[in-house]
Amino acid sequence: MIKLLITGAKGRMGQAVKSCALADGGFEIASEIDLGDSLADGLSRSEAVIDFSYRGFTLELLEGCVEKKVLLVMGTTGHTDEELEAIQKASEVIPIVHAPNFSVGVNTLFWLTAKATEILGRGFDLEVVEMHHRMKKDAPSGTARRLAEILAERRSLSYDKDTRHGRFGDVGARTDDEIGVHALRGGDVVGDHTVIYAGDGERVELTHKASSRNTFANGSLRAAKWLSDKSPGLYDMQDVLGLK
């Protein structure tokens, strides 16, 4: 039994993690915390943390996990470079799985995107389109960013320099190196992601659509089990699923 601390426990993902953990049978819910609750008290009773909260909480969470030597599964997205550096530094002391998406299907999409980009080559224009519920705060989603990063890596491009986030006005013709990224928001959409390869006379589209948050919750629990006997280091779901 893994003694689990759930952060953002009152949120939709926190509730999904709790429900799936109880159904799994391999976890004890040692603590649930949300805004205003004591992190130190929760960590003192726990062996692992699953975090789907918000990026403003990350530095405090990392400090607490490092102090208590508690392993961390983090699904929070939208981090700054400083926060990403702090995650990397903390992983030198504790094992961390940090992933933009814990769905097995989405991580298969990551793998397929890498392979398709290699196979199709430079004759196809690259676009990423994502849609989420109206309450999502960061854009693009962490998953969409990772998809664009994979495209950039396989094309020897730069995410920072070569992505174009939406288009408006007289932006000129599309460049060969451009990676379009588009974020849609509305309703209660859990998460849709499509990678588009547009060539002359043909188009290839890779799409994943999530209809339940349990998909992500069960993936995070799988990551926690996998992480339980790992040495300090920074891992992702590709490591968990053996796709590297």
# chains A, B, ... in the order shown; residues from 1 in each chain; ligands from 1
>>> closest_atom_pairs(of="region 171-235 of chain A", to="region 135-150 of chain A", cutoff="9 Å", atoms="only C-alpha atoms", output="CSV")
residue,atom,partner,partner_atom,distance
A:Ile179,CA,A:Ala148,CA,7.0
A:Gly180,CA,A:Ala148,CA,8.3
A:Val181,CA,A:Ala148,CA,7.4
A:His182,CA,A:Pro140,CA,7.2
A:Ala183,CA,A:Pro140,CA,5.5
A:Leu184,CA,A:Pro140,CA,8.8
A:Arg185,CA,A:Lys136,CA,7.6
A:Gly186,CA,A:Met135,CA,8.0
A:Gly187,CA,A:Met135,CA,8.5
A:Asp188,CA,A:Met135,CA,8.4
A:His193,CA,A:Ala144,CA,6.8
A:Thr194,CA,A:Ala144,CA,8.5
A:Val195,CA,A:Leu147,CA,7.6
>>> write_last_selection(atoms="C-alpha atoms", output="PDB file, in the first residue's frame")
ATOM      1  CA  ILE A 179       4.747  25.093 -36.410  1.00  0.00           C
ATOM      2  CA  GLY A 180       1.234  26.410 -35.862  1.00  0.00           C
ATOM      3  CA  VAL A 181      -0.266  25.983 -32.382  1.00  0.00           C
ATOM      4  CA  HIS A 182      -3.930  26.783 -31.715  1.00  0.00           C
ATOM      5  CA  ALA A 183      -5.815  26.676 -28.398  1.00  0.00           C
ATOM      6  CA  LEU A 184      -9.616  26.404 -28.297  1.00  0.00           C
ATOM      7  CA  ARG A 185     -11.630  26.808 -25.094  1.00  0.00           C
ATOM      8  CA  GLY A 186     -15.262  26.037 -24.378  1.00  0.00           C
ATOM      9  CA  GLY A 187     -17.821  23.949 -22.564  1.00  0.00           C
ATOM     10  CA  ASP A 188     -16.714  20.929 -20.568  1.00  0.00           C
ATOM     11  CA  HIS A 193      -5.411  17.167 -29.326  1.00  0.00           C
ATOM     12  CA  THR A 194      -4.701  16.881 -33.041  1.00  0.00           C
ATOM     13  CA  VAL A 195      -1.415  16.987 -34.930  1.00  0.00           C
TER      14      VAL A 195
END
>>> select_by_dssp(residues="region 33-244 of chain A", states="alpha helix (DSSP H)", output="PyMOL selection string")
chain A and resi 39-44+58-68+81-90+104-120+142-154+159-162+214-227+237-240
>>> select_by_dssp(residues="region 38-133 of chain A", states="strand (DSSP E)", output="VMD selection string")
chain A and resid 48 to 51 71 to 74 95 to 98 125 to 132
>>> write_last_selection(atoms="N, CA and C atoms", output="tab-separated table (two decimals), in the first residue's frame")
chain	number	residue	atom	x	y	z
A	48	ALA	N	4.04	9.31	-1.10
A	48	ALA	CA	3.99	9.81	-2.48
A	48	ALA	C	2.96	10.92	-2.59
A	49	VAL	N	3.22	11.84	-3.50
A	49	VAL	CA	2.29	12.94	-3.78
A	49	VAL	C	1.88	12.86	-5.24
A	50	ILE	N	0.58	13.02	-5.49
A	50	ILE	CA	0.10	13.24	-6.85
A	50	ILE	C	-0.45	14.66	-6.90
A	51	ASP	N	0.13	15.47	-7.78
A	51	ASP	CA	-0.15	16.90	-7.80
A	51	ASP	C	-0.79	17.33	-9.12
A	71	LEU	N	8.30	10.96	-2.72
A	71	LEU	CA	8.33	10.95	-4.19
A	71	LEU	C	7.15	11.74	-4.73
A	72	LEU	N	7.31	12.25	-5.96
A	72	LEU	CA	6.35	13.21	-6.50
A	72	LEU	C	5.95	12.86	-7.93
A	73	VAL	N	4.64	12.83	-8.16
A	73	VAL	CA	4.07	12.71	-9.50
A	73	VAL	C	3.36	14.02	-9.78
A	74	MET	N	3.84	14.76	-10.78
A	74	MET	CA	3.34	16.11	-11.02
A	74	MET	C	2.72	16.24	-12.40
A	95	PRO	N	12.91	11.10	-6.53
A	95	PRO	CA	12.40	10.73	-7.86
A	95	PRO	C	11.12	11.49	-8.18
A	96	ILE	N	11.04	12.03	-9.39
A	96	ILE	CA	9.89	12.81	-9.82
A	96	ILE	C	9.45	12.33	-11.21
A	97	VAL	N	8.16	12.10	-11.36
A	97	VAL	CA	7.58	11.96	-12.70
A	97	VAL	C	6.84	13.26	-12.99
A	98	HIS	N	7.32	13.99	-14.00
A	98	HIS	CA	6.67	15.24	-14.40
A	98	HIS	C	6.24	15.07	-15.85
A	125	ASP	N	3.48	20.58	-43.91
A	125	ASP	CA	3.35	21.67	-42.94
A	125	ASP	C	2.78	21.12	-41.64
A	126	LEU	N	3.22	21.71	-40.52
A	126	LEU	CA	2.90	21.16	-39.20
A	126	LEU	C	1.98	22.11	-38.41
A	127	GLU	N	0.90	21.56	-37.89
A	127	GLU	CA	-0.03	22.32	-37.08
A	127	GLU	C	-0.49	21.47	-35.89
A	128	VAL	N	-0.68	22.11	-34.75
A	128	VAL	CA	-1.20	21.45	-33.56
A	128	VAL	C	-2.45	22.22	-33.11
A	129	VAL	N	-3.54	21.50	-32.90
A	129	VAL	CA	-4.79	22.11	-32.44
A	129	VAL	C	-5.25	21.40	-31.18
A	130	GLU	N	-5.57	22.17	-30.14
A	130	GLU	CA	-6.07	21.57	-28.90
A	130	GLU	C	-7.32	22.29	-28.44
A	131	MET	N	-8.19	21.56	-27.73
A	131	MET	CA	-9.38	22.17	-27.13
A	131	MET	C	-9.58	21.62	-25.73
A	132	HIS	N	-9.90	22.54	-24.80
A	132	HIS	CA	-10.17	22.17	-23.41
A	132	HIS	C	-11.38	22.95	-22.91
>>> residues_around(residues="region 151-154 of chain A", least_positions_apart="5", cutoff="8 Å", atoms="only C-alpha atoms", output="PDB file with C-alpha atoms, in the first residue's frame")
ATOM      1  CA  THR A 113       4.027  11.998 -33.598  1.00  0.00           C
ATOM      2  CA  ALA A 114       7.776  11.467 -33.376  1.00  0.00           C
ATOM      3  CA  THR A 117       7.415  13.352 -38.394  1.00  0.00           C
ATOM      4  CA  GLU A 118      10.471  11.255 -39.227  1.00  0.00           C
ATOM      5  CA  LEU A 126       2.902  21.163 -39.198  1.00  0.00           C
ATOM      6  CA  TYR A 159      10.046  25.611 -30.154  1.00  0.00           C
ATOM      7  CA  ASP A 162       9.509  28.500 -34.867  1.00  0.00           C
ATOM      8  CA  ILE A 179       4.747  25.093 -36.410  1.00  0.00           C
TER       9      ILE A 179
END
>>> residues_around(residues="region 206-212 of chain A", least_positions_apart="4", cutoff="9 Å", atoms="only C-alpha atoms", output="list of chain:residue names")
A:Ser103, A:Gly105, A:Val106, A:Leu109, A:Leu112, A:Thr113, A:Val189, A:Val190, A:Gly191, A:Asp192, A:His193, A:Thr194, A:Val195, A:Ile196, A:Tyr197, A:Phe216
>>> atom_distance(atom1="CA of Ile6 (chain A)", atom2="CA of Trp111 (chain A)")
28.7 Å
>>> atom_distance(atom1="CA of Ala90 (chain A)", atom2="CA of Asp34 (chain A)")
22.0 Å
>>> atom_distance(atom1="CA of Phe110 (chain A)", atom2="CA of Arg122 (chain A)")
18.5 Å
>>> residues_around(residues="region 9-25 of chain A", least_positions_apart="4", cutoff="6 Å", atoms="only C-alpha atoms", output="number ranges by chain")
A: 32-34, 214, 217
